[in-house]
Amino acid sequence: TLSGADELQGIGNRMAQEYKSVFAGKGMDVYMTEKVRTQQSANAFLLAFKNYHQANIRRSIIPDSVDYMLRFYDLSPAYQDYKKSEFIKNRLDSLVNDKHTAEAVENVCKKIFRPAFAEKLLAKGVEAAGGKSKKVTATMFAESLYDLYCTQFLSHKEAAAKGYNIDFGSAFDESDLQWFDKLSNAEDFFEKGPATDASGIQAAIAAPLLADLLRTTDAVIQGTKHIDAVLRFTHAEAISPLATLLGIWQASVTSPSVFTFDKYWQAAGIIPMSANIQWILYYNGKDYLVKVLLNEQEAKLPLPAYAFPYYRLSDLQGWYKNVLQQAQQKW
C-alpha cells in the first residue's frame, strides 16, 4: 500500500540518519523473496539511500523453492505438520466456540442487516454466489468484516484517491473489536509466536535465518566480507519466529491458555505492518558490541548485557550458537 511504502522509507530514513557512520559506501547486500510485496518494500526502503552509490547495492531474489533463509516456514515438513495439528486447531476452536464470539457475531449482524436476514444468517448461514456457491456463516461474515476494518487503516490513501471514506468500525462495539482482535492474534501466537514452548518448532524454524545472521557477522569480523549492511526483506511468518528464537522478551512469553496469551504477547508489537529487526554491530578498535532492535525499539535479550542495550558480541555468538544447535535438531 501507499502507507506501507511511506513506512518503509521512514524506517530507511531513520536508519540512515541514526547510523551515519555505518553507511560508508562499502556496499549493501539486499535479499528479497519472490513475492512482489517484499521487492516493493525493498524499493521503498532504499529510497532513503538515493545518494548511496547504487552500483554497490547488490540485490538478490531467492527462489521460494530453495529460500531457507527467508521462507523457511514453507520448507520445513515438521512445521507444516505442526500448523495442521490438533494442538492448534483445538485451541483456536475453543475461542471460536466461546460465548463471546457468538455475542460479538450477533451484535455485528444485527447492526448491519434487517432482522429477518440477520436471523437467517445467524441460524443457518446463507448461500453466496461468486463463481461457485459457498455457504457463508455469520461467524465467517463477521470475521471477514473485521479484516476489512483492519485493512482500512492500511489503504486509506488508495481509498481517498478513489473518493471513498468508509468506516467499517461503525459495525463494531469496542468490546467486539477487542474480541475479534484476540481471535485474529491467537492464530499468530500459536503458529509463529512462543505458543506454549518458546523453543518449539514454530520458533525453531527460524534457525536458517539466525545462522545467516551469525555467519554474516562473523564474516565481517574476520574481514572476509567488506560491507556496510545486509538487508533482508521477508514476511511476518519469518520475523515473528526469529524474534521468539532470539528470546526477545515481549516476543517469547508463553501461555498455557488461548484465553490469556494476549496479556503478554501482542501481534501489533511484534509483527505490525513494516515489522523489522535490526542487528547493529559496534566496534571501538578493540571490542565488538551488538544492539538488537525490534520495530526500532531496543530489545532485551536472554543473556547478560554488557550495558543494556549493548551485548558483547562474543557472549551473543556463544548464546545463539547454542540456541541454534537445539533448534536445528527440531527441523
# chains A, B, ... in the order shown; residues from 1 in each chain; ligands from 1
call {"tool": "closest_atom_pairs", "arguments": {"of": "stretch 181-248 of chain A", "to": "stretch 41-57 of chain A", "cutoff": "9 Å", "atoms": "only C-alpha atoms", "output": "JSON lines"}}
result
{"residue": "A:Leu231", "atom": "CA", "partner": "A:Ala42", "partner_atom": "CA", "distance": 8.4}
{"residue": "A:Arg232", "atom": "CA", "partner": "A:Ala42", "partner_atom": "CA", "distance": 8.4}
{"residue": "A:Phe233", "atom": "CA", "partner": "A:Ala42", "partner_atom": "CA", "distance": 6.4}
call {"tool": "select_by_dssp", "arguments": {"residues": "stretch 143-235 of chain A", "states": "alpha helix (DSSP H)", "output": "JSON, numbers by chain"}}
result
{"A": [143, 144, 145, 146, 147, 148, 149, 150, 151, 156, 157, 158, 159, 160, 161, 174, 175, 176, 177, 178, 179, 180, 181, 182, 183, 184, 185, 186, 187, 188, 189, 190, 191, 192, 201, 202, 203, 204, 207, 208, 209, 210, 211, 212, 213, 214, 215, 216, 217, 218, 219, 220, 221, 222]}
call {"tool": "residues_around", "arguments": {"residues": "A:Ala171", "least_positions_apart": "6", "cutoff": "9 Å", "atoms": "only C-alpha atoms", "output": "PyMOL selection string"}}
result
chain A and resi 107-109+111-112+145-146
call {"tool": "select_by_dssp", "arguments": {"residues": "stretch 73-163 of chain A", "states": "strand (DSSP E)", "output": "ChimeraX atom specification"}}
result
/A:126-128,134-136
call {"tool": "closest_residue", "arguments": {"among": "A:Cys150, A:Val220, A:Ala123, A:Val253", "to": "A:Thr137", "atoms": "only C-alpha atoms"}}
result
A:Ala123
call {"tool": "closest_atom_pairs", "arguments": {"of": "stretch 10-82 of chain A", "to": "stretch 189-212 of chain A", "cutoff": "7 Å", "atoms": "only C-alpha atoms", "output": "CSV"}}
result
residue,atom,partner,partner_atom,distance
A:Tyr68,CA,A:Pro208,CA,6.2
A:Met69,CA,A:Leu209,CA,4.8
A:Leu70,CA,A:Leu209,CA,6.7
A:Phe72,CA,A:Ile205,CA,6.4
A:Tyr73,CA,A:Ile205,CA,6.2
A:Tyr79,CA,A:Ile201,CA,6.1
call {"tool": "residues_around", "arguments": {"residues": "A:Leu246", "least_positions_apart": "6", "cutoff": "8 Å", "atoms": "only C-alpha atoms", "output": "list in words"}}
result
Leu301, Pro302 and Tyr320 of chain A
call {"tool": "closest_residue", "arguments": {"among": "A:Tyr283, A:Lys291, A:Leu245, A:Ala161", "to": "A:Gln326", "atoms": "only C-alpha atoms"}}
result
A:Leu245
call {"tool": "closest_residue", "arguments": {"among": "A:Lys110, A:Tyr264, A:Pro256, A:Leu303", "to": "A:Trp319", "atoms": "only C-alpha atoms"}}
result
A:Leu303
call {"tool": "closest_atom_pairs", "arguments": {"of": "stretch 224-317 of chain A", "to": "stretch 178-183 of chain A", "cutoff": "9 Å", "atoms": "only C-alpha atoms", "output": "JSON lines"}}
result
{"residue": "A:Phe259", "atom": "CA", "partner": "A:Lys182", "partner_atom": "CA", "distance": 8.5}
{"residue": "A:Phe261", "atom": "CA", "partner": "A:Lys182", "partner_atom": "CA", "distance": 9.0}
{"residue": "A:Asp262", "atom": "CA", "partner": "A:Lys182", "partner_atom": "CA", "distance": 7.1}
call {"tool": "write_last_selection", "arguments": {"atoms": "N, CA, C and O atoms", "output": "PDB file, in the first residue's frame"}}
result
ATOM      1  N   PHE A 259      -6.839 -18.269  26.157  1.00  0.00           N
ATOM      2  CA  PHE A 259      -7.631 -17.150  26.652  1.00  0.00           C
ATOM      3  C   PHE A 259      -6.786 -16.071  27.333  1.00  0.00           C
ATOM      4  O   PHE A 259      -7.271 -14.977  27.587  1.00  0.00           O
ATOM      5  N   PHE A 261      -3.177 -15.516  26.444  1.00  0.00           N
ATOM      6  CA  PHE A 261      -1.916 -15.245  25.755  1.00  0.00           C
ATOM      7  C   PHE A 261      -1.688 -13.757  25.526  1.00  0.00           C
ATOM      8  O   PHE A 261      -0.551 -13.263  25.536  1.00  0.00           O
ATOM      9  N   ASP A 262      -2.771 -12.995  25.311  1.00  0.00           N
ATOM     10  CA  ASP A 262      -2.627 -11.588  24.934  1.00  0.00           C
ATOM     11  C   ASP A 262      -2.333 -10.670  26.111  1.00  0.00           C
ATOM     12  O   ASP A 262      -2.243  -9.453  25.936  1.00  0.00           O
TER      13      ASP A 262
END
call {"tool": "residues_around", "arguments": {"residues": "A:Glu296", "least_positions_apart": "4", "cutoff": "10 Å", "atoms": "only C-alpha atoms", "output": "list of chain:residue names"}}
result
A:Ile11, A:Arg14, A:Met15, A:Ala275, A:Asn276, A:Ile277, A:Gln278, A:Val292
call {"tool": "write_last_selection", "arguments": {"atoms": "N, CA, C and O atoms", "output": "mmCIF file, in the first residue's frame"}}
result
data_model
loop_
_atom_site.group_PDB
_atom_site.id
_atom_site.type_symbol
_atom_site.label_atom_id
_atom_site.label_comp_id
_atom_site.auth_asym_id
_atom_site.auth_seq_id
_atom_site.Cartn_x
_atom_site.Cartn_y
_atom_site.Cartn_z
ATOM 1 N N ILE A 11 11.523 4.122 7.838
ATOM 2 C CA ILE A 11 12.483 3.288 8.563
ATOM 3 C C ILE A 11 13.876 3.472 7.980
ATOM 4 O O ILE A 11 14.870 3.612 8.712
ATOM 5 N N ARG A 14 15.325 6.886 8.996
ATOM 6 C CA ARG A 14 15.784 6.931 10.390
ATOM 7 C C ARG A 14 17.067 6.128 10.573
ATOM 8 O O ARG A 14 17.961 6.521 11.321
ATOM 9 N N MET A 15 17.150 4.988 9.884
ATOM 10 C CA MET A 15 18.358 4.173 9.985
ATOM 11 C C MET A 15 19.560 4.925 9.412
ATOM 12 O O MET A 15 20.640 4.953 10.016
ATOM 13 N N ALA A 275 7.062 -4.496 10.081
ATOM 14 C CA ALA A 275 7.829 -5.048 11.203
ATOM 15 C C ALA A 275 9.282 -5.214 10.796
ATOM 16 O O ALA A 275 9.595 -5.509 9.643
ATOM 17 N N ASN A 276 10.172 -5.012 11.749
ATOM 18 C CA ASN A 276 11.591 -5.145 11.424
ATOM 19 C C ASN A 276 12.419 -5.484 12.647
ATOM 20 O O ASN A 276 12.070 -5.117 13.773
ATOM 21 N N ILE A 277 13.503 -6.197 12.409
ATOM 22 C CA ILE A 277 14.508 -6.488 13.432
ATOM 23 C C ILE A 277 15.837 -5.958 12.915
ATOM 24 O O ILE A 277 16.223 -6.251 11.783
ATOM 25 N N GLN A 278 16.505 -5.167 13.734
ATOM 26 C CA GLN A 278 17.815 -4.626 13.361
ATOM 27 C C GLN A 278 18.875 -5.190 14.310
ATOM 28 O O GLN A 278 18.673 -5.242 15.520
ATOM 29 N N VAL A 292 20.329 -4.965 19.483
ATOM 30 C CA VAL A 292 19.229 -5.514 18.693
ATOM 31 C C VAL A 292 17.987 -4.648 18.904
ATOM 32 O O VAL A 292 17.656 -4.296 20.043
#
call {"tool": "closest_residue", "arguments": {"among": "A:Arg91, A:Asp188, A:Thr244, A:His235", "to": "A:Ala268", "atoms": "only C-alpha atoms"}}
result
A:Asp188
call {"tool": "atom_distance", "arguments": {"atom1": "atom CA of A:Asn13", "atom2": "atom CA of A:Ser155"}}
result
21.9 Å
call {"tool": "atom_distance", "arguments": {"atom1": "atom CA of A:Ala267", "atom2": "atom CA of A:Ile239"}}
result
11.3 Å
call {"tool": "decode", "arguments": {"residues": "stretch 238-274 of chain A", "atoms": "C-alpha atoms", "output": "PDB file, in the first residue's frame"}}
result
ATOM      1  CA  ALA A 238       9.747 -15.187   9.328  1.00  0.00           C
ATOM      2  CA  ILE A 239      10.049 -12.147  11.600  1.00  0.00           C
ATOM      3  CA  SER A 240       7.893 -13.442  14.445  1.00  0.00           C
ATOM      4  CA  PRO A 241       9.661 -16.842  14.745  1.00  0.00           C
ATOM      5  CA  LEU A 242      13.048 -15.097  14.634  1.00  0.00           C
ATOM      6  CA  ALA A 243      12.015 -12.684  17.405  1.00  0.00           C
ATOM      7  CA  THR A 244      10.920 -15.659  19.510  1.00  0.00           C
ATOM      8  CA  LEU A 245      14.049 -17.685  18.741  1.00  0.00           C
ATOM      9  CA  LEU A 246      16.205 -14.689  19.712  1.00  0.00           C
ATOM     10  CA  GLY A 247      14.406 -14.672  23.046  1.00  0.00           C
ATOM     11  CA  ILE A 248      13.344 -11.033  22.754  1.00  0.00           C
ATOM     12  CA  TRP A 249      11.249 -10.669  25.871  1.00  0.00           C
ATOM     13  CA  GLN A 250       7.908  -9.461  24.525  1.00  0.00           C
ATOM     14  CA  ALA A 251       8.108 -11.983  21.681  1.00  0.00           C
ATOM     15  CA  SER A 252       8.869 -15.064  23.788  1.00  0.00           C
ATOM     16  CA  VAL A 253       6.451 -15.189  26.741  1.00  0.00           C
ATOM     17  CA  THR A 254       4.487 -18.437  26.532  1.00  0.00           C
ATOM     18  CA  SER A 255       0.897 -19.040  27.563  1.00  0.00           C
ATOM     19  CA  PRO A 256      -0.725 -22.356  28.502  1.00  0.00           C
ATOM     20  CA  SER A 257      -4.152 -20.936  27.683  1.00  0.00           C
ATOM     21  CA  VAL A 258      -5.531 -19.459  24.474  1.00  0.00           C
ATOM     22  CA  PHE A 259      -7.631 -17.150  26.652  1.00  0.00           C
ATOM     23  CA  THR A 260      -4.703 -15.405  28.375  1.00  0.00           C
ATOM     24  CA  PHE A 261      -1.916 -15.245  25.755  1.00  0.00           C
ATOM     25  CA  ASP A 262      -2.627 -11.588  24.934  1.00  0.00           C
ATOM     26  CA  LYS A 263      -1.698 -10.431  28.430  1.00  0.00           C
ATOM     27  CA  TYR A 264       1.923 -10.529  27.297  1.00  0.00           C
ATOM     28  CA  TRP A 265       2.023 -11.104  23.518  1.00  0.00           C
ATOM     29  CA  GLN A 266       0.544  -8.578  21.107  1.00  0.00           C
ATOM     30  CA  ALA A 267       0.853  -9.066  17.351  1.00  0.00           C
ATOM     31  CA  ALA A 268       0.777  -5.275  16.913  1.00  0.00           C
ATOM     32  CA  GLY A 269       4.002  -5.040  18.920  1.00  0.00           C
ATOM     33  CA  ILE A 270       5.791  -7.938  17.232  1.00  0.00           C
ATOM     34  CA  ILE A 271       4.579  -8.055  13.639  1.00  0.00           C
ATOM     35  CA  PRO A 272       2.823  -4.796  12.753  1.00  0.00           C
ATOM     36  CA  MET A 273       2.954  -3.605   9.181  1.00  0.00           C
ATOM     37  CA  SER A 274       6.605  -2.899   8.311  1.00  0.00           C
TER      38      SER A 274
END
